[in-house]
Each structure stands twice: as C-alpha cells, then as structure tokens.
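S.K.: This is data.cif, which holds mmCIF, C-alpha atoms:
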data_structure
loop_
_atom_site.label_atom_id
_atom_site.label_comp_id
_atom_site.auth_asym_id
_atom_site.auth_seq_id
_atom_site.Cartn_x
_atom_site.Cartn_y
_atom_site.Cartn_z
CA MET B 987 53.95 25.30 -30.84
CA ASP B 988 53.61 22.20 -33.03
CA LEU B 989 51.91 19.17 -31.59
CA THR B 990 51.83 15.65 -32.97
CA THR B 991 48.43 14.13 -33.67
CA LEU B 992 48.74 11.96 -30.58
CA GLU B 993 49.68 14.92 -28.42
CA LYS B 994 46.73 16.88 -29.75
CA ASP B 995 44.37 13.96 -29.14
CA LEU B 996 45.61 13.69 -25.58
CA VAL B 997 45.32 17.40 -24.84
CA ASN B 998 41.96 17.82 -26.59
CA GLY B 999 40.36 14.60 -25.47
CA TRP B 1000 41.45 14.44 -21.86
CA GLN B 1001 40.86 17.86 -20.31
CA LYS B 1002 38.05 16.25 -18.36
CA GLY B 1003 36.98 12.77 -17.40
CA PHE B 1004 40.39 11.64 -16.20
CA PRO B 1005 39.72 8.03 -15.13
CA LEU B 1006 39.21 7.35 -11.43
CA VAL B 1007 40.65 3.86 -11.55
CA ALA B 1008 43.85 2.42 -10.11
CA ARG B 1009 45.71 2.79 -13.43
CA PRO B 1010 44.14 5.80 -15.18
CA TYR B 1011 46.91 6.25 -17.74
CA ALA B 1012 46.39 2.64 -18.87
CA ARG B 1013 42.70 3.46 -19.42
CA ILE B 1014 43.65 6.49 -21.54
CA ALA B 1015 46.17 4.34 -23.41
CA ASP B 1016 43.46 1.82 -24.26
CA ALA B 1017 41.24 4.57 -25.63
CA LEU B 1018 44.08 5.87 -27.83
CA GLY B 1019 45.37 2.44 -28.83
CA ILE B 1020 48.85 2.99 -27.42
CA SER B 1021 50.75 1.74 -24.39
CA GLU B 1022 50.53 3.10 -20.86
CA GLU B 1023 54.27 3.92 -20.96
CA ARG B 1024 53.76 5.93 -24.13
CA VAL B 1025 50.92 7.96 -22.55
CA LEU B 1026 53.10 8.77 -19.53
CA GLU B 1027 55.98 9.69 -21.82
CA ILE B 1028 53.84 12.02 -23.97
CA LEU B 1029 52.30 13.72 -20.92
CA ALA B 1030 55.72 14.19 -19.33
CA GLY B 1031 56.96 15.72 -22.59
CA LEU B 1032 54.00 18.10 -22.77
CA GLU B 1033 54.56 19.16 -19.17
CA ALA B 1034 58.30 19.64 -19.77
CA ARG B 1035 57.57 21.90 -22.76
CA GLY B 1036 55.04 23.88 -20.72
CA ILE B 1037 52.16 23.02 -23.05
CA LEU B 1038 50.41 21.40 -20.13
CA SER B 1039 50.68 23.20 -16.84
CA ARG B 1040 49.68 19.93 -15.19
CA VAL B 1041 47.40 16.95 -15.30
CA GLY B 1042 45.11 17.49 -12.38
CA ALA B 1043 41.97 18.87 -10.86
CA ILE B 1044 40.34 22.22 -11.50
CA VAL B 1045 38.84 23.24 -8.18
CA ALA B 1046 35.67 25.36 -8.20
CA PRO B 1047 36.05 28.87 -6.79
CA ASN B 1048 35.00 29.54 -3.19
CA THR B 1049 35.01 25.90 -2.15
CA LEU B 1050 38.34 26.01 -0.34
CA GLY B 1051 37.60 29.17 1.59
CA ALA B 1052 36.97 32.77 0.63
CA SER B 1053 38.30 34.39 -2.53
CA SER B 1054 37.88 37.51 -4.59
CA LEU B 1055 39.01 39.12 -7.78
CA VAL B 1056 40.60 42.43 -6.82
CA ALA B 1057 41.52 45.44 -8.94
CA MET B 1058 43.88 48.31 -8.18
CA ARG B 1059 44.56 51.60 -9.91
CA VAL B 1060 48.29 52.26 -9.78
CA ALA B 1061 50.44 54.95 -11.35
CA ARG B 1062 52.76 53.56 -14.02
CA ASP B 1063 55.95 54.40 -12.16
CA GLN B 1064 54.73 52.60 -9.03
CA LEU B 1065 53.28 49.57 -10.73
CA ASP B 1066 56.27 47.23 -10.46
CA GLU B 1067 56.70 47.96 -6.79
CA VAL B 1068 53.01 47.55 -5.96
CA ALA B 1069 52.73 44.42 -8.11
CA ALA B 1070 55.69 42.85 -6.32
CA ILE B 1071 54.07 43.46 -2.93
CA VAL B 1072 50.80 41.94 -4.15
CA SER B 1073 52.54 38.91 -5.67
CA SER B 1074 54.50 38.32 -2.48
CA GLU B 1075 51.26 37.46 -0.65
CA PRO B 1076 50.93 33.66 -0.62
CA GLY B 1077 47.14 33.95 -0.98
CA VAL B 1078 47.50 35.69 -4.35
CA ASN B 1079 47.53 33.08 -7.11
CA HIS B 1080 46.96 35.16 -10.24
CA ASN B 1081 48.26 38.66 -10.78
CA TYR B 1082 47.95 40.39 -14.15
CA GLU B 1083 48.76 43.79 -15.49
CA ARG B 1084 45.88 44.89 -17.74
CA GLU B 1085 45.38 47.87 -20.01
CA ASP B 1086 42.87 50.00 -18.12
CA ASN B 1087 42.69 52.66 -15.43
CA PHE B 1088 42.40 49.67 -13.15
CA ASN B 1089 45.66 48.17 -14.29
CA LEU B 1090 46.45 45.54 -11.67
CA TRP B 1091 44.12 42.53 -11.36
CA PHE B 1092 44.63 39.64 -9.02
CA VAL B 1093 42.80 36.83 -7.27
CA VAL B 1094 43.14 36.42 -3.51
CA THR B 1095 42.24 33.20 -1.73
CA ALA B 1096 42.14 32.83 2.05
CA PRO B 1097 40.92 30.17 4.48
CA ASP B 1098 37.90 32.31 5.41
CA ALA B 1099 36.37 35.81 5.05
CA ASP B 1100 38.44 37.22 7.92
CA GLY B 1101 41.61 35.94 6.30
CA LEU B 1102 40.62 37.60 3.03
CA ASP B 1103 39.97 40.91 4.83
CA ALA B 1104 43.34 40.65 6.57
CA THR B 1105 45.22 39.98 3.32
CA LEU B 1106 43.62 42.94 1.56
CA ALA B 1107 44.15 45.22 4.57
CA ARG B 1108 47.83 44.23 4.54
CA ILE B 1109 48.11 44.92 0.80
CA GLU B 1110 46.46 48.33 1.22
CA ALA B 1111 48.72 49.23 4.14
CA ARG B 1112 51.89 48.08 2.42
CA THR B 1113 51.13 49.67 -0.96
CA GLY B 1114 49.23 52.77 0.16
CA HIS B 1115 46.64 52.01 -2.54
CA ALA B 1116 42.94 51.17 -2.27
CA THR B 1117 41.67 47.80 -3.48
CA LEU B 1118 38.45 47.25 -5.43
CA ARG B 1119 36.87 43.91 -4.54
CA LEU B 1120 34.85 42.16 -7.18
CA PRO B 1121 34.00 38.74 -5.73
CA LEU B 1122 32.30 36.12 -7.82
CA GLN B 1123 28.54 36.14 -7.32
CA LYS B 1124 27.59 33.51 -9.84
CA ALA B 1125 29.45 31.29 -12.32
CA TYR B 1126 27.75 30.75 -15.67
CA HIS B 1127 30.31 28.50 -17.15
CA ILE B 1128 31.19 24.99 -16.17
CA ASP B 1129 34.79 25.05 -17.28
CA LEU B 1130 34.93 22.10 -19.63
CA GLY B 1131 38.32 22.82 -21.05
CA PHE B 1132 39.72 24.46 -24.10
CA ALA B 1133 39.56 23.13 -27.68
CA LEU B 1134 42.80 23.34 -29.70
CA MET K 54 32.57 22.43 2.03
CA ILE K 55 35.40 19.90 2.28
CA ASP K 56 36.70 17.69 5.06
CA ARG K 57 40.22 17.37 6.34
CA THR K 58 41.08 14.37 4.14
CA GLU K 59 39.74 16.07 1.02
CA ARG K 60 41.72 19.20 1.80
CA ALA K 61 44.87 17.13 2.23
CA ILE K 62 44.27 15.44 -1.14
CA ILE K 63 43.80 18.78 -2.89
CA ALA K 64 46.89 20.22 -1.24
CA GLU K 65 48.91 17.17 -2.29
CA THR K 66 47.71 17.26 -5.92
CA GLN K 67 47.42 20.98 -6.63
CA SER K 68 50.57 21.06 -8.72
CA GLY K 69 49.38 17.99 -10.63
CA LEU K 70 48.84 14.28 -10.40
CA PRO K 71 52.03 12.23 -10.45
CA LEU K 72 52.86 10.80 -13.87
CA VAL K 73 53.24 7.24 -12.65
CA ALA K 74 51.19 4.15 -13.46
CA ARG K 75 49.28 4.28 -10.15
CA PRO K 76 48.92 7.98 -9.30
CA TYR K 77 46.22 7.57 -6.62
CA GLN K 78 48.34 4.94 -4.92
CA ALA K 79 51.29 7.34 -4.94
CA ILE K 80 49.19 10.13 -3.39
CA ALA K 81 47.73 7.70 -0.84
CA GLU K 82 51.19 6.56 0.26
CA LYS K 83 52.32 10.15 0.77
CA LEU K 84 49.26 10.91 2.88
CA GLY K 85 49.17 7.57 4.69
CA LEU K 86 45.69 6.75 3.38
CA PRO K 87 44.27 3.77 1.48
CA ALA K 88 44.32 4.31 -2.31
CA THR K 89 40.63 3.45 -2.56
CA LEU K 90 39.81 6.25 -0.09
CA VAL K 91 41.74 8.75 -2.23
CA GLU K 92 39.76 7.67 -5.31
CA GLN K 93 36.48 7.81 -3.36
CA LYS K 94 37.18 11.27 -1.98
CA ILE K 95 38.12 12.65 -5.40
CA LYS K 96 34.97 11.13 -6.87
CA ALA K 97 32.87 12.65 -4.08
CA MET K 98 34.40 16.10 -4.67
CA LEU K 99 33.65 15.81 -8.40
CA GLU K 100 30.04 14.87 -7.67
CA ARG K 101 29.62 17.79 -5.26
CA GLY K 102 31.16 20.20 -7.76
CA VAL K 103 34.10 21.05 -5.52
CA ILE K 104 36.28 19.70 -8.33
CA ARG K 105 34.97 20.84 -11.69
CA ARG K 106 37.00 18.48 -13.77
CA ILE K 107 40.14 16.43 -13.76
CA GLY K 108 42.37 16.20 -16.77
CA ALA K 109 45.07 17.81 -18.83
CA VAL K 110 45.35 21.55 -18.07
CA PRO K 111 46.83 23.31 -21.09
CA ASP K 112 48.73 26.59 -20.92
CA HIS K 113 46.94 28.94 -23.32
CA TYR K 114 50.03 31.06 -23.84
CA ARG K 115 52.26 28.17 -24.81
CA LEU K 116 49.62 27.06 -27.29
CA GLY K 117 49.79 30.42 -29.05
CA TYR K 118 46.66 31.94 -27.50
CA THR K 119 48.69 34.84 -26.23
CA VAL K 120 45.93 37.44 -26.20
CA ASN K 121 43.79 37.35 -23.11
CA GLY K 122 40.88 39.76 -23.09
CA MET K 123 38.72 40.15 -20.03
CA SER K 124 35.49 41.47 -21.48
CA VAL K 125 33.28 43.24 -18.96
CA TRP K 126 29.65 44.17 -19.50
CA ASP K 127 27.04 46.34 -17.86
CA VAL K 128 23.96 44.14 -18.20
CA GLU K 129 20.50 44.88 -16.84
CA ASP K 130 20.13 43.20 -13.46
CA GLY K 131 16.93 41.43 -14.43
CA LEU K 132 18.55 39.89 -17.50
CA VAL K 133 22.08 39.18 -16.32
CA ASP K 134 21.48 35.54 -15.33
CA GLU K 135 19.77 34.70 -18.59
CA MET K 136 22.50 36.48 -20.59
CA GLY K 137 25.26 34.98 -18.47
CA GLU K 138 24.08 31.48 -19.35
CA LEU K 139 24.13 32.35 -23.08
CA VAL K 140 27.59 33.92 -22.98
CA GLY K 141 29.02 31.24 -20.69
CA ALA K 142 27.96 28.57 -23.15
CA LEU K 143 30.05 30.05 -25.99
CA ASP K 144 33.00 27.79 -26.76
CA TYR K 145 35.50 30.65 -26.84
CA VAL K 146 34.55 31.96 -23.40
CA THR K 147 36.69 30.22 -20.79
CA HIS K 148 35.19 31.88 -17.71
CA CYS K 149 31.92 33.75 -17.30
CA TYR K 150 30.95 35.26 -13.96
CA ARG K 151 28.56 37.74 -12.42
CA ARG K 152 30.31 40.19 -10.11
CA PRO K 153 29.12 43.27 -8.18
CA ARG K 154 29.09 46.79 -9.59
CA ARG K 155 30.81 49.42 -7.46
CA ALA K 156 29.31 52.91 -7.31
CA ARG K 157 31.29 55.50 -9.32
CA LEU K 158 34.19 53.06 -9.73
CA TRP K 159 33.01 50.01 -11.61
CA PRO K 160 29.81 49.73 -13.67
CA TYR K 161 30.22 46.20 -15.08
CA ASN K 162 28.46 43.16 -13.64
CA LEU K 163 29.21 40.43 -16.20
CA PHE K 164 32.72 39.15 -16.92
CA ALA K 165 33.60 36.89 -19.86
CA MET K 166 37.20 35.80 -20.40
CA ILE K 167 38.26 35.37 -24.03
CA HIS K 168 41.51 33.86 -25.31
CA GLY K 169 42.75 34.42 -28.83
CA ARG K 170 45.84 34.32 -31.03
CA THR K 171 45.49 37.99 -32.00
CA ASN K 172 43.69 41.11 -30.74
CA GLU K 173 41.49 40.98 -33.85
CA GLU K 174 40.35 37.46 -32.98
CA VAL K 175 39.38 38.60 -29.49
CA GLU K 176 37.66 41.74 -30.88
CA ASP K 177 35.57 39.61 -33.27
CA LYS K 178 34.44 37.53 -30.33
CA VAL K 179 33.61 40.61 -28.29
CA ASP K 180 31.47 41.86 -31.20
CA ALA K 181 29.69 38.52 -31.30
CA ILE K 182 28.93 38.74 -27.59
CA ALA K 183 27.66 42.32 -28.02
CA LYS K 184 25.21 41.04 -30.65
CA ILE K 185 23.99 38.31 -28.32
CA LEU K 186 23.46 40.75 -25.47
CA GLY K 187 21.76 43.32 -27.70
CA PRO K 188 19.85 45.99 -25.78
CA ALA K 189 20.37 44.12 -22.48
CA GLN K 190 23.82 45.70 -22.20
CA HIS K 191 24.48 49.38 -21.62
CA GLY K 192 28.23 49.45 -22.02
CA HIS K 193 31.27 47.26 -22.13
CA ASP K 194 35.04 47.25 -22.14
CA VAL K 195 37.83 44.79 -22.88
CA LEU K 196 40.83 44.70 -20.57
CA TYR K 197 43.73 43.07 -22.34
CA SER K 198 46.41 41.42 -20.29
CA LYS K 199 49.76 43.10 -20.66
CA ARG K 200 51.90 41.05 -18.31
CA ILE K 201 51.40 37.96 -16.21
CA LEU K 202 53.01 38.89 -12.92
CA LYS K 203 52.12 35.74 -11.04
CA LYS K 204 50.24 32.59 -11.92
CA THR K 205 50.07 29.54 -9.73
CA GLY K 206 47.42 27.04 -8.77
CA ILE K 207 45.49 27.85 -5.63
CA ARG K 208 47.89 27.43 -2.76
CA LEU K 209 46.42 26.17 0.44
CA GLN K 210 47.90 27.90 3.43
CA ASN K 211 47.73 27.74 7.22
CA GLN K 212 46.68 24.10 7.09
CA ASP K 213 46.32 23.64 10.83
CA LYS K 214 44.39 26.86 11.37
CA GLN K 215 41.77 26.13 8.77
CA SER K 216 38.23 25.43 9.81
CA CYS K 217 37.34 22.11 8.29
CA SER K 218 33.92 20.60 8.38
CA ASP K 219 34.66 16.95 8.92
#
Translate this structure into structure tokens?

M.R.:
Amino acid sequence: MDLTTLEKDLVNGWQKGFPLVARPYARIADALGISEERVLEILAGLEARGILSRVGAIVAPNTLGASSLVAMRVARDQLDEVAAIVSSEPGVNHNYEREDNFNLWFVVTAPDADGLDATLARIEARTGHATLRLPLQKAYHIDLGFAL
Amino acid sequence: MIDRTERAIIAETQSGLPLVARPYQAIAEKLGLPATLVEQKIKAMLERGVIRRIGAVPDHYRLGYTVNGMSVWDVEDGLVDEMGELVGALDYVTHCYRRPRRARLWPYNLFAMIHGRTNEEVEDKVDAIAKILGPAQHGHDVLYSKRILKKTGIRLQNQDKQSCSD
C-alpha cells in the first residue's frame, strides 16, 4: 500500500504522544507545517483505506478486568465450527488460526476472574473441547508503536 | 484499577477518537462531562500505565506486514526476566510476554510477536532472537497465523455489573 510522505510522517510520528489539548489535531498540524483540516482529512483517508484501524488509546492488558490468551487443539474438520462459537463470545477480541497442534488462539477479556472462568466454561461446554489458558504474567515490552 | 468515569471514557473511545477539531469536547458532550475532566482522566490513565499510548494505530496487514509469527521460547526460569527485557526491546518485536508453562501440554514461557512481509523475514528475526537467548533457551517454535477469525478492540461488557473502584 503506497503512502504519501505526509501520510507516512503522520503514521510514523504519531503512534504515541497524541496531544492532550483541546485541539490536538491543530497541534499535530503545527508540527507538520500543514493545516488542521488537512490533518483531519489525511487521517480520515487512512482510516477509510484501513491503513489505520483507529486513532486512539492502546489500553494495557489486565487493567480493565481479567484476561487470558487461550489455545485450543481442534481437528481440521471441526475448526470452522469451533472458531465460530469462540468468536461469538463478546469477550473474545482476537481469534487467530495458527499453524500448530494448538491451532486456535484467542484472547478473552472479562470484567473479573469469575467472568473469565464462566466464558471459558461456556466455550468448553459448547465446543466439547478443552481450553489451554496462558495468561500474561509479565510484559517486557512497552508497546511504542510500529516503524514503517 | 479504573474508576467509573475512566471506564466510560475508554468505552466511548475504544473504536477511536473522533476526527473532529475538538475530540475531547465531543467525547465529553456524549458522556455529559466537562471536556477538561475527560482530558484529565485520560492523562491520569496514561500516567498510571492503564493507557500505554495514544496515537495512530496502524493495521499491520494493510501495510504489507502480512506474516505474523508468534515465536515461543522455553527459557530458564531464572533468566526469563532478563532475557524478556532484551527481546522486548528489539524494534521488530511488537509484544513480548512471560506466560506459564503447562505440564505435558505447553513448554514455552516466553512469547515474542514478530511481524514481517515474508516468512523469511520473520525466520531471520527468529534466528536473531535465538542468538540473543543463546544457552538460556531450551527449545522454541514459531506459530504462524493462518487466518484472522476475529479482531476487534477490547469490548467492555456488562457495564452496570462491573466492579469499579471509584
């Protein structure tokens, strides 16, 4: 996907430090030497093309409640069905098929530990498959963004 | 953790800040709060580490980084924190976490997520990590993503039932 220099500067330079002032886009505009309208226009264009999923906050894991990475080992011919059940849970926000014996990987978030237990118990009951919980114990990376 | 107001702000902004000249004002109006309080609360969550960063969130796949390898490592318990810091600091590692081993099922305690344009690019990075870990690691694997079945921001649910510490 081709990006203009301005688009690249915006995406590369503003993955963190979004200004906490009344008119943040005007602050970004000043830094780039363009108008506030132009910044809003470029960001809207990047969002429309899917290059940016959003302009917003990255929330640290386990601050909004309880969460866990979970893996399941599912036979190929049952994978779509099991994956659909997993994805249908509102507390599941990422669900990936990966190439491994453990081929279904998802993240479950719940308001608290009991909620997490309940979600996983429901998934196990509905799919007839065991879940392997691998909750985060320590984060070594302060996610500072991604260089293009 | 977070108070009721902070939770409301996160719920309101989880799909993104509005692209209008005064985004905090727009959020504040929706929530019936003063704009300065919204700014203050966001600032407080950043300072406490509840929010890691605010900014443009790119979609790796749309940018051509279509290969997503979850590298997993069996690292000696006494060295995993030290090694985790080293691996987490690498610019091509987007997430680096310690997670539990599970007897007979899962031997790996260090996870490092790598994005690349090709499998080879990811493999090169895995080799580089293996060199860094040296004898501290006793085995590793790379689980490539095959399909994204669901990907959304964290969705807050059961608002009224949640235990908030205000």

S.K.: Any chance you could resolve the PyMOL selection byres ((chain B) within 8 of (chain K)) against this file and give the residues as a PyMOL selection string?

M.R.: chain B and resi 987+996-997+1000-1004+1006-1012+1022+1026+1029-1030+1036-1046+1049-1050+1069+1073+1076-1077+1079-1086+1095-1097+1120-1132

S.K.: Identify the residues within 8 Å of coordinate (42.1, 38.1, -4.2) (same frame as the file), considering all atoms listed in the file, and give the answer as a PyMOL selection string.

M.R.: chain B and resi 1053-1056+1077-1079+1092-1095+1102+1106+1119

S.K.: Generate a file of the selected residues that holds C-alpha atoms, formatted as an mmCIF file, keeping the file's coordinate frame.

M.R.:
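This is the output file selection_7.cif:
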data_model
loop_
_atom_site.group_PDB
_atom_site.id
_atom_site.type_symbol
_atom_site.label_atom_id
_atom_site.label_comp_id
_atom_site.auth_asym_id
_atom_site.auth_seq_id
_atom_site.Cartn_x
_atom_site.Cartn_y
_atom_site.Cartn_z
ATOM 1 C CA SER B 1053 38.300 34.390 -2.530
ATOM 2 C CA SER B 1054 37.880 37.510 -4.590
ATOM 3 C CA LEU B 1055 39.010 39.120 -7.780
ATOM 4 C CA VAL B 1056 40.600 42.430 -6.820
ATOM 5 C CA GLY B 1077 47.140 33.950 -0.980
ATOM 6 C CA VAL B 1078 47.500 35.690 -4.350
ATOM 7 C CA ASN B 1079 47.530 33.080 -7.110
ATOM 8 C CA PHE B 1092 44.630 39.640 -9.020
ATOM 9 C CA VAL B 1093 42.800 36.830 -7.270
ATOM 10 C CA VAL B 1094 43.140 36.420 -3.510
ATOM 11 C CA THR B 1095 42.240 33.200 -1.730
ATOM 12 C CA LEU B 1102 40.620 37.600 3.030
ATOM 13 C CA LEU B 1106 43.620 42.940 1.560
ATOM 14 C CA ARG B 1119 36.870 43.910 -4.540
#

S.K.: If I take atom CA of B:Leu1090 and atom CA of B:Leu1065, how far is one from the other in Å, to one decimal?

M.R.: 8.0 Å

S.K.: Using the chain letters and numbers from the file, give me the residues hit by the PyMOL selection byres ((chain B and resi 1018) around 12), as JSON, numbers by chain.

M.R.: {"B": [991, 992, 993, 994, 995, 996, 997, 999, 1000, 1011, 1012, 1013, 1014, 1015, 1016, 1017, 1019, 1020, 1021, 1022, 1024, 1025]}

S.K.: To one decimal in Å, tell me the separation between atom CA of B:Glu1067 and atom CA of B:Gly1114.

M.R.: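 Atom-to-atom, atom CA of B:Glu1067 to atom CA of B:Gly1114, that is 11.3 Å.
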
S.K.: Please measure the separation of atom CA of B:Glu1023 and atom CA of K:Leu90, giving the value in Å to one decimal.

M.R.: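 Computed distance, atom CA of B:Glu1023 to atom CA of K:Leu90, equals 25.5 Å.
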
S.K.: Skipping near chain neighbours, those fewer than 2 positions away, what residues fall within 7 Å of B:Met1058 using only C-alpha atoms, listed as a VMD selection string?

M.R.: chain B and resid 1056 1060 1088 to 1091 1116 to 1118

S.K.: Return as a ChimeraX atom specification the set of residues that the PyMOL selection byres ((chain K and resi 192) around 12) yields on the displayed structure.

M.R.: /K:124-129,159-163,183,186-191,193-195
